[in-house]
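Trainee: Hey, dropping model04.cif in here, mmCIF, N, CA and C atoms:
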```
data_final
loop_
_atom_site.label_atom_id
_atom_site.label_comp_id
_atom_site.auth_asym_id
_atom_site.auth_seq_id
_atom_site.Cartn_x
_atom_site.Cartn_y
_atom_site.Cartn_z
N MET L 271 -69.07 29.85 78.44
CA MET L 271 -70.49 29.83 78.69
C MET L 271 -70.75 29.46 80.16
N LEU L 272 -69.98 28.50 80.66
CA LEU L 272 -70.15 28.11 82.06
C LEU L 272 -69.75 29.24 83.00
N PHE L 273 -68.70 29.97 82.64
CA PHE L 273 -68.26 31.08 83.49
C PHE L 273 -69.34 32.16 83.50
N ARG L 274 -69.85 32.49 82.32
CA ARG L 274 -70.85 33.56 82.20
C ARG L 274 -72.10 33.22 83.01
N SER L 275 -72.49 31.94 82.99
CA SER L 275 -73.71 31.54 83.70
C SER L 275 -73.50 31.40 85.20
N GLY L 276 -72.25 31.44 85.64
CA GLY L 276 -71.96 31.32 87.06
C GLY L 276 -71.98 29.89 87.57
N LYS L 277 -72.02 28.92 86.66
CA LYS L 277 -72.06 27.51 87.09
C LYS L 277 -70.71 27.04 87.61
N CYS L 278 -69.64 27.70 87.20
CA CYS L 278 -68.32 27.37 87.73
C CYS L 278 -67.38 28.53 87.43
N THR L 279 -66.23 28.48 88.03
CA THR L 279 -65.22 29.53 87.81
C THR L 279 -64.01 28.93 87.11
N ARG L 280 -63.20 29.79 86.55
CA ARG L 280 -61.95 29.36 85.92
C ARG L 280 -61.08 28.63 86.95
N ASP L 281 -61.04 29.15 88.19
CA ASP L 281 -60.23 28.53 89.23
C ASP L 281 -60.72 27.11 89.55
N GLU L 282 -62.03 26.91 89.58
CA GLU L 282 -62.56 25.57 89.86
C GLU L 282 -62.13 24.57 88.78
N ILE L 283 -62.20 25.01 87.53
CA ILE L 283 -61.78 24.12 86.44
C ILE L 283 -60.27 23.91 86.51
N GLY L 284 -59.53 24.97 86.82
CA GLY L 284 -58.08 24.85 86.96
C GLY L 284 -57.70 23.84 88.05
N ARG L 285 -58.41 23.87 89.15
CA ARG L 285 -58.15 22.89 90.22
C ARG L 285 -58.42 21.47 89.73
N ALA L 286 -59.49 21.30 88.98
CA ALA L 286 -59.80 19.97 88.43
C ALA L 286 -58.70 19.52 87.48
N PHE L 287 -58.17 20.43 86.68
CA PHE L 287 -57.07 20.08 85.78
C PHE L 287 -55.83 19.65 86.55
N ARG L 288 -55.56 20.31 87.67
CA ARG L 288 -54.36 19.98 88.45
C ARG L 288 -54.45 18.56 89.03
N THR L 289 -55.66 18.06 89.26
CA THR L 289 -55.80 16.70 89.79
C THR L 289 -55.94 15.67 88.67
N TRP L 290 -56.12 16.14 87.45
CA TRP L 290 -56.29 15.28 86.29
C TRP L 290 -54.93 14.72 85.89
N ARG L 291 -54.84 13.46 85.71
CA ARG L 291 -53.56 12.83 85.37
C ARG L 291 -53.13 13.13 83.94
N GLY L 292 -54.00 13.65 83.16
CA GLY L 292 -53.66 13.93 81.76
C GLY L 292 -54.23 12.87 80.85
N GLY L 293 -53.71 12.84 79.65
CA GLY L 293 -54.21 11.92 78.64
C GLY L 293 -54.51 12.69 77.38
N THR L 294 -55.13 12.02 76.46
CA THR L 294 -55.45 12.64 75.18
C THR L 294 -56.29 13.89 75.38
N GLY L 295 -55.80 14.98 74.86
CA GLY L 295 -56.54 16.23 74.92
C GLY L 295 -56.29 17.07 76.16
N SER L 296 -55.53 16.57 77.13
CA SER L 296 -55.36 17.34 78.37
C SER L 296 -54.59 18.64 78.14
N GLY L 297 -53.57 18.61 77.30
CA GLY L 297 -52.82 19.84 77.00
C GLY L 297 -53.69 20.86 76.28
N ALA L 298 -54.46 20.38 75.31
CA ALA L 298 -55.36 21.27 74.57
C ALA L 298 -56.42 21.86 75.50
N ALA L 299 -56.92 21.05 76.42
CA ALA L 299 -57.94 21.55 77.36
C ALA L 299 -57.37 22.65 78.24
N ARG L 300 -56.15 22.48 78.70
CA ARG L 300 -55.51 23.52 79.53
C ARG L 300 -55.31 24.80 78.72
N THR L 301 -54.88 24.65 77.48
CA THR L 301 -54.69 25.82 76.61
C THR L 301 -56.02 26.54 76.40
N ARG L 302 -57.07 25.78 76.12
CA ARG L 302 -58.37 26.39 75.88
C ARG L 302 -58.89 27.09 77.13
N LEU L 303 -58.63 26.54 78.29
CA LEU L 303 -59.04 27.20 79.53
C LEU L 303 -58.37 28.57 79.64
N SER L 304 -57.10 28.63 79.29
CA SER L 304 -56.39 29.91 79.37
C SER L 304 -56.93 30.92 78.36
N GLN L 305 -57.59 30.43 77.32
CA GLN L 305 -58.14 31.32 76.28
C GLN L 305 -59.60 31.71 76.55
N SER L 306 -60.19 31.16 77.58
CA SER L 306 -61.61 31.45 77.84
C SER L 306 -61.77 32.89 78.32
N ASP L 307 -62.90 33.49 77.92
CA ASP L 307 -63.12 34.89 78.29
C ASP L 307 -64.38 35.12 79.11
N GLY L 308 -65.24 34.13 79.22
CA GLY L 308 -66.45 34.28 80.01
C GLY L 308 -67.53 35.12 79.36
N LEU L 309 -67.37 35.47 78.08
CA LEU L 309 -68.36 36.30 77.41
C LEU L 309 -69.30 35.52 76.50
N ALA L 310 -68.92 34.33 76.12
CA ALA L 310 -69.74 33.55 75.19
C ALA L 310 -71.08 33.18 75.80
N GLU L 311 -72.09 33.20 74.96
CA GLU L 311 -73.41 32.79 75.40
C GLU L 311 -73.80 31.43 74.83
N SER L 312 -72.87 30.83 74.08
CA SER L 312 -73.12 29.49 73.54
C SER L 312 -71.79 28.82 73.23
N MET L 313 -71.85 27.51 73.12
CA MET L 313 -70.65 26.76 72.73
C MET L 313 -70.22 27.15 71.33
N LEU L 314 -71.18 27.48 70.48
CA LEU L 314 -70.86 27.85 69.10
C LEU L 314 -70.07 29.16 69.05
N GLU L 315 -70.41 30.12 69.89
CA GLU L 315 -69.65 31.37 69.95
C GLU L 315 -68.21 31.10 70.39
N THR L 316 -68.06 30.23 71.37
CA THR L 316 -66.72 29.88 71.83
C THR L 316 -65.94 29.19 70.72
N ALA L 317 -66.57 28.24 70.05
CA ALA L 317 -65.90 27.54 68.95
C ALA L 317 -65.48 28.52 67.86
N GLY L 318 -66.33 29.49 67.56
CA GLY L 318 -65.99 30.50 66.55
C GLY L 318 -64.80 31.33 66.98
N ARG L 319 -64.81 31.80 68.20
CA ARG L 319 -63.70 32.63 68.69
C ARG L 319 -62.40 31.87 68.66
N LEU L 320 -62.43 30.60 69.08
CA LEU L 320 -61.21 29.80 69.10
C LEU L 320 -60.73 29.48 67.70
N ALA L 321 -61.64 29.23 66.77
CA ALA L 321 -61.24 28.98 65.37
C ALA L 321 -60.58 30.23 64.78
N LEU L 322 -61.11 31.41 65.10
CA LEU L 322 -60.51 32.65 64.62
C LEU L 322 -59.11 32.83 65.21
N ALA L 323 -58.95 32.51 66.49
CA ALA L 323 -57.64 32.61 67.13
C ALA L 323 -56.66 31.62 66.51
N ASP L 324 -57.11 30.39 66.26
CA ASP L 324 -56.26 29.38 65.64
C ASP L 324 -55.80 29.82 64.26
N ALA L 325 -56.65 30.57 63.55
CA ALA L 325 -56.31 31.06 62.21
C ALA L 325 -55.52 32.36 62.25
N LYS L 326 -55.17 32.80 63.46
CA LYS L 326 -54.37 34.02 63.65
C LYS L 326 -55.08 35.28 63.18
N LEU L 327 -56.41 35.26 63.26
CA LEU L 327 -57.20 36.45 62.93
C LEU L 327 -57.33 37.30 64.19
N PRO L 328 -57.53 38.61 64.02
CA PRO L 328 -57.69 39.45 65.21
C PRO L 328 -58.91 39.02 66.01
N PRO L 329 -58.83 39.15 67.33
CA PRO L 329 -59.99 38.74 68.14
C PRO L 329 -61.16 39.69 67.92
N PRO L 330 -62.35 39.13 67.77
CA PRO L 330 -63.53 39.98 67.65
C PRO L 330 -63.97 40.46 69.03
N VAL L 331 -64.83 41.46 69.04
CA VAL L 331 -65.44 41.95 70.27
C VAL L 331 -66.70 41.12 70.50
N ALA L 332 -66.80 40.51 71.66
CA ALA L 332 -67.97 39.68 71.97
C ALA L 332 -69.10 40.54 72.53
N GLN L 333 -70.32 40.16 72.16
CA GLN L 333 -71.54 40.80 72.67
C GLN L 333 -71.52 42.32 72.44
N PHE L 334 -71.16 42.71 71.23
CA PHE L 334 -71.04 44.12 70.88
C PHE L 334 -72.42 44.71 70.61
N GLU L 335 -72.69 45.84 71.22
CA GLU L 335 -74.00 46.49 71.05
C GLU L 335 -73.94 47.54 69.95
N VAL L 336 -74.95 47.48 69.07
CA VAL L 336 -75.10 48.48 68.00
C VAL L 336 -76.38 49.24 68.29
N HIS L 337 -76.26 50.55 68.29
CA HIS L 337 -77.42 51.41 68.57
C HIS L 337 -77.84 52.15 67.30
N ALA L 338 -79.14 52.34 67.18
CA ALA L 338 -79.70 53.13 66.08
C ALA L 338 -79.32 54.60 66.30
N PRO L 339 -79.41 55.43 65.27
CA PRO L 339 -79.08 56.85 65.44
C PRO L 339 -79.84 57.53 66.57
N ASN L 340 -81.04 57.04 66.89
CA ASN L 340 -81.82 57.64 67.98
C ASN L 340 -81.42 57.11 69.35
N GLY L 341 -80.41 56.21 69.39
CA GLY L 341 -79.92 55.68 70.65
C GLY L 341 -80.53 54.35 71.07
N ARG L 342 -81.57 53.93 70.37
CA ARG L 342 -82.22 52.65 70.70
C ARG L 342 -81.29 51.49 70.39
N LEU L 343 -81.24 50.51 71.29
CA LEU L 343 -80.43 49.33 71.06
C LEU L 343 -81.00 48.57 69.87
N LEU L 344 -80.20 48.42 68.86
CA LEU L 344 -80.63 47.74 67.64
C LEU L 344 -80.27 46.26 67.67
N ALA L 345 -79.06 45.97 68.14
CA ALA L 345 -78.60 44.58 68.14
C ALA L 345 -77.46 44.40 69.13
N ARG L 346 -77.39 43.23 69.67
CA ARG L 346 -76.20 42.81 70.42
C ARG L 346 -75.63 41.64 69.63
N LEU L 347 -74.48 41.89 69.03
CA LEU L 347 -73.89 40.93 68.10
C LEU L 347 -73.05 39.89 68.85
N ASP L 348 -73.11 38.67 68.38
CA ASP L 348 -72.29 37.61 68.98
C ASP L 348 -70.82 38.01 68.95
N HIS L 349 -70.35 38.38 67.78
CA HIS L 349 -68.98 38.87 67.60
C HIS L 349 -69.00 40.02 66.60
N ALA L 350 -68.12 40.97 66.82
CA ALA L 350 -68.07 42.11 65.90
C ALA L 350 -66.63 42.59 65.73
N TYR L 351 -66.40 43.13 64.56
CA TYR L 351 -65.21 43.92 64.26
C TYR L 351 -65.76 45.32 63.99
N PRO L 352 -65.95 46.10 65.05
CA PRO L 352 -66.67 47.37 64.93
C PRO L 352 -66.07 48.35 63.93
N PHE L 353 -64.74 48.46 63.88
CA PHE L 353 -64.12 49.43 62.99
C PHE L 353 -64.45 49.11 61.53
N GLN L 354 -64.50 47.83 61.20
CA GLN L 354 -64.83 47.43 59.82
C GLN L 354 -66.34 47.24 59.62
N ARG L 355 -67.10 47.35 60.69
CA ARG L 355 -68.55 47.11 60.65
C ARG L 355 -68.87 45.72 60.10
N VAL L 356 -68.19 44.75 60.68
CA VAL L 356 -68.42 43.34 60.33
C VAL L 356 -68.97 42.64 61.57
N ALA L 357 -70.11 41.99 61.37
CA ALA L 357 -70.75 41.23 62.45
C ALA L 357 -70.69 39.74 62.13
N LEU L 358 -70.42 38.95 63.16
CA LEU L 358 -70.46 37.50 63.03
C LEU L 358 -71.58 37.00 63.94
N GLU L 359 -72.53 36.33 63.35
CA GLU L 359 -73.64 35.78 64.10
C GLU L 359 -73.62 34.26 63.98
N TYR L 360 -73.80 33.59 65.10
CA TYR L 360 -73.76 32.14 65.15
C TYR L 360 -75.18 31.65 65.38
N ASP L 361 -75.69 30.92 64.42
CA ASP L 361 -77.08 30.47 64.47
C ASP L 361 -77.19 29.04 64.94
N GLY L 362 -77.46 28.88 66.22
CA GLY L 362 -77.72 27.55 66.77
C GLY L 362 -79.11 27.10 66.37
N ARG L 363 -79.24 25.86 66.04
CA ARG L 363 -80.50 25.34 65.53
C ARG L 363 -81.64 25.49 66.53
N SER L 364 -81.37 25.30 67.80
CA SER L 364 -82.45 25.32 68.80
C SER L 364 -83.10 26.70 68.91
N VAL L 365 -82.37 27.76 68.61
CA VAL L 365 -82.92 29.11 68.74
C VAL L 365 -83.35 29.67 67.39
N HIS L 366 -82.50 29.57 66.40
CA HIS L 366 -82.73 30.28 65.14
C HIS L 366 -83.57 29.54 64.12
N GLU L 367 -84.00 28.32 64.45
CA GLU L 367 -84.82 27.56 63.53
C GLU L 367 -86.30 27.94 63.61
N ALA L 368 -86.72 28.51 64.73
CA ALA L 368 -88.13 28.88 64.92
C ALA L 368 -88.49 30.02 63.97
N PRO L 369 -89.70 29.99 63.40
CA PRO L 369 -90.10 31.04 62.46
C PRO L 369 -89.99 32.46 63.02
N THR L 370 -90.38 32.66 64.27
CA THR L 370 -90.29 34.02 64.82
C THR L 370 -88.85 34.48 64.89
N ALA L 371 -87.95 33.59 65.24
CA ALA L 371 -86.53 33.94 65.29
C ALA L 371 -86.01 34.28 63.89
N LEU L 372 -86.44 33.51 62.92
CA LEU L 372 -86.03 33.76 61.54
C LEU L 372 -86.44 35.17 61.10
N TYR L 373 -87.67 35.54 61.38
CA TYR L 373 -88.15 36.87 60.99
C TYR L 373 -87.42 37.97 61.77
N ARG L 374 -87.22 37.75 63.04
CA ARG L 374 -86.52 38.73 63.88
C ARG L 374 -85.07 38.90 63.40
N ASP L 375 -84.41 37.78 63.08
CA ASP L 375 -83.03 37.84 62.60
C ASP L 375 -82.94 38.63 61.29
N ARG L 376 -83.87 38.40 60.40
CA ARG L 376 -83.84 39.10 59.10
C ARG L 376 -84.08 40.59 59.27
N ASP L 377 -85.03 40.94 60.12
CA ASP L 377 -85.33 42.36 60.38
C ASP L 377 -84.10 43.05 60.97
N ARG L 378 -83.47 42.40 61.93
CA ARG L 378 -82.27 42.94 62.57
C ARG L 378 -81.14 43.08 61.56
N GLN L 379 -80.97 42.08 60.72
CA GLN L 379 -79.90 42.12 59.73
C GLN L 379 -80.13 43.26 58.73
N ASN L 380 -81.35 43.48 58.33
CA ASN L 380 -81.65 44.59 57.41
C ASN L 380 -81.37 45.93 58.07
N ALA L 381 -81.70 46.07 59.34
CA ALA L 381 -81.43 47.32 60.06
C ALA L 381 -79.92 47.56 60.18
N LEU L 382 -79.17 46.50 60.44
CA LEU L 382 -77.71 46.63 60.51
C LEU L 382 -77.13 47.02 59.15
N ALA L 383 -77.63 46.40 58.09
CA ALA L 383 -77.16 46.72 56.74
C ALA L 383 -77.42 48.20 56.41
N ALA L 384 -78.53 48.71 56.88
CA ALA L 384 -78.85 50.13 56.63
C ALA L 384 -77.84 51.05 57.32
N LEU L 385 -77.17 50.55 58.37
CA LEU L 385 -76.14 51.33 59.06
C LEU L 385 -74.73 51.02 58.56
N GLY L 386 -74.65 50.23 57.48
CA GLY L 386 -73.35 49.95 56.89
C GLY L 386 -72.65 48.70 57.40
N TRP L 387 -73.35 47.88 58.17
CA TRP L 387 -72.76 46.65 58.69
C TRP L 387 -72.96 45.52 57.68
N THR L 388 -71.99 44.63 57.63
CA THR L 388 -72.13 43.37 56.91
C THR L 388 -72.21 42.27 57.95
N VAL L 389 -73.24 41.45 57.84
CA VAL L 389 -73.46 40.37 58.81
C VAL L 389 -73.16 39.04 58.12
N LEU L 390 -72.22 38.31 58.70
CA LEU L 390 -71.95 36.95 58.26
C LEU L 390 -72.60 36.01 59.27
N ARG L 391 -73.37 35.04 58.77
CA ARG L 391 -74.08 34.10 59.63
C ARG L 391 -73.46 32.71 59.48
N PHE L 392 -73.26 32.04 60.62
CA PHE L 392 -72.63 30.74 60.61
C PHE L 392 -73.39 29.76 61.50
N THR L 393 -73.29 28.49 61.13
CA THR L 393 -73.90 27.41 61.90
C THR L 393 -72.81 26.54 62.51
N TRP L 394 -73.23 25.57 63.29
CA TRP L 394 -72.29 24.62 63.88
C TRP L 394 -71.44 23.96 62.79
N TRP L 395 -72.10 23.57 61.71
CA TRP L 395 -71.37 22.91 60.62
C TRP L 395 -70.26 23.81 60.10
N ASP L 396 -70.56 25.06 59.87
CA ASP L 396 -69.56 25.99 59.34
C ASP L 396 -68.35 26.08 60.25
N VAL L 397 -68.59 26.29 61.52
CA VAL L 397 -67.53 26.61 62.48
C VAL L 397 -66.76 25.38 62.92
N VAL L 398 -67.47 24.30 63.22
CA VAL L 398 -66.83 23.12 63.80
C VAL L 398 -66.41 22.11 62.75
N GLU L 399 -67.25 21.90 61.77
CA GLU L 399 -66.94 20.89 60.75
C GLU L 399 -66.04 21.41 59.64
N ASP L 400 -66.08 22.71 59.38
CA ASP L 400 -65.25 23.27 58.32
C ASP L 400 -64.67 24.61 58.76
N PRO L 401 -63.86 24.61 59.82
CA PRO L 401 -63.34 25.88 60.35
C PRO L 401 -62.47 26.64 59.35
N ALA L 402 -61.81 25.95 58.44
CA ALA L 402 -60.98 26.65 57.46
C ALA L 402 -61.85 27.52 56.55
N ARG L 403 -62.98 26.99 56.13
CA ARG L 403 -63.88 27.78 55.28
C ARG L 403 -64.47 28.96 56.06
N PHE L 404 -64.84 28.68 57.31
CA PHE L 404 -65.35 29.74 58.19
C PHE L 404 -64.34 30.87 58.32
N THR L 405 -63.10 30.53 58.67
CA THR L 405 -62.10 31.58 58.90
C THR L 405 -61.71 32.27 57.59
N ARG L 406 -61.72 31.55 56.48
CA ARG L 406 -61.44 32.21 55.17
C ARG L 406 -62.52 33.25 54.86
N ALA L 407 -63.76 32.93 55.16
CA ALA L 407 -64.85 33.88 54.89
C ALA L 407 -64.67 35.15 55.72
N VAL L 408 -64.33 34.98 56.99
CA VAL L 408 -64.13 36.14 57.86
C VAL L 408 -62.90 36.94 57.41
N ALA L 409 -61.79 36.24 57.17
CA ALA L 409 -60.56 36.91 56.75
C ALA L 409 -60.76 37.65 55.44
N GLY L 410 -61.46 37.04 54.51
CA GLY L 410 -61.71 37.69 53.22
C GLY L 410 -62.48 38.99 53.37
N LEU L 411 -63.51 38.98 54.18
CA LEU L 411 -64.30 40.20 54.38
C LEU L 411 -63.50 41.26 55.13
N LEU L 412 -62.75 40.85 56.14
CA LEU L 412 -61.93 41.83 56.88
C LEU L 412 -60.88 42.46 55.97
N ASN L 413 -60.25 41.65 55.12
CA ASN L 413 -59.26 42.19 54.19
C ASN L 413 -59.91 43.15 53.20
N ASP L 414 -61.10 42.78 52.71
CA ASP L 414 -61.81 43.66 51.78
C ASP L 414 -62.16 44.98 52.44
N ARG L 415 -62.62 44.93 53.69
CA ARG L 415 -62.98 46.15 54.41
C ARG L 415 -61.76 47.02 54.68
N ARG L 416 -60.63 46.41 55.00
CA ARG L 416 -59.41 47.19 55.26
C ARG L 416 -58.97 47.95 54.02
N GLN L 417 -59.10 47.32 52.86
CA GLN L 417 -58.70 47.95 51.61
C GLN L 417 -59.60 49.12 51.26
N ARG L 418 -60.84 49.10 51.72
CA ARG L 418 -61.79 50.16 51.40
C ARG L 418 -61.75 51.34 52.36
N LEU L 419 -61.09 51.17 53.50
CA LEU L 419 -61.07 52.24 54.49
C LEU L 419 -60.24 53.40 54.00
N PRO L 420 -60.70 54.64 54.25
CA PRO L 420 -59.92 55.80 53.83
C PRO L 420 -58.62 55.88 54.61
N SER L 421 -57.61 56.40 53.98
CA SER L 421 -56.29 56.54 54.63
C SER L 421 -56.26 57.70 55.57
#
```
Would it be possible to restate this file's structure as structure tokens?
Mentor:
Amino acid sequence: MLFRSGKCTRDEIGRAFRTWRGGTGSGAARTRLSQSDGLAESMLETAGRLALADAKLPPPVAQFEVHAPNGRLLARLDHAYPFQRVALEYDGRSVHEAPTALYRDRDRQNALAALGWTVLRFTWWDVVEDPARFTRAVAGLLNDRRQRLPS
């Protein structure tokens, strides 16, 4: 998220790590830096991507655009598995709790469903507090979709 916003670069953080003496979490922080992609628009998206990687699931496509048959942009998904038409949406409380956002999210989800997409919605609790349940839900749907694909 910081990379995407231009507030810092991977190199700047890398330099800070090189001067850091280490301690609890320093190895994990270095590993996570190497896994950063600069595409996340929230900490929750990053947490989701990293939980999926930790569970050895295929990496999703970040900020995937879905267009209606007429070419109009229908949605930009937080994460997607386009071939299986699986969308992962991360609902942060500050944005998705407002009534207008709720209605917009539902309308968008219905339009995606009409195009054959399945949208899984997750909150901070799902991803951070219970990542095993989060990744099982994603893995289960991906496995189900793979079994249904024509040979």
Trainee: For atom CA of Ala381 of chain L and atom N of Met313 of chain L, quote the distance in Å rounded to one decimal.
Mentor: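 Distance between the two atoms: 25.6 Å.
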Trainee: Given all atoms listed in the file as the basis, pick out the residue of L:Gln354, L:Leu347, L:Pro339, L:Gly362 nearest to Arg415 of chain L.
Mentor: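 Ranking L:Gln354, L:Leu347, L:Pro339, L:Gly362 by distance to Arg415 of chain L, first place goes to L:Gln354.
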Trainee: Of the candidates L:Trp395, L:Pro401, L:Ala345, L:Glu282, which shows the shortest atom-to-atom distance to Asp324 of chain L, using only C-alpha atoms?
Mentor: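 Counting only C-alpha atoms, the residue closest to Asp324 of chain L is L:Pro401.
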Trainee: Grab the atom N of Trp387 of chain L to atom N of Asp400 of chain L distance for me, in Å with one decimal place.
Mentor: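 Answer for the atom N of Trp387 of chain L to atom N of Asp400 of chain L separation: 26.2 Å.
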Trainee: Since I can't run it myself right now, could you work out what the PyMOL selection byres ((chain L and resi 334) around 6) selects here and report it as a list in words?
Mentor: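 When the PyMOL selection byres ((chain L and resi 334) around 6) is applied to the shown file, the picked residues are Val331, Ala332, Gln333, Glu335, Val336, Ala345, Arg346, Leu347, Asp348, His349 and Ala350 of chain L.
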Trainee: Convert the output of the PyMOL selection byres ((chain L and resi 355-360) around 8) on the shown file into explicit residues, formatted as a VMD selection string.
Mentor: chain L and resid 314 to 315 347 to 354 361 to 363 366 385 to 394 411 to 412 415
Trainee: What is the distance between atom N of Arg416 of chain L and atom N of Leu382 of chain L, in Å to one decimal?
Mentor: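 Atom-to-atom, atom N of Arg416 of chain L to atom N of Leu382 of chain L, that is 19.3 Å.
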Trainee: From a DSSP pass on the backbone, collect the residues of segment 312-403 of chain L flagged as strand (DSSP E or B) and hand them back as a PyMOL selection string.
Mentor: chain L and resi 331-337+343-351+356-360+388-392
Trainee: Just checking: using only C-alpha atoms, which residue out of L:Ala338, L:Ala402, L:Ala407, L:Val397 ends up closest to Arg378 of chain L?
Mentor: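 Smallest distance to Arg378 of chain L is found for L:Ala338.
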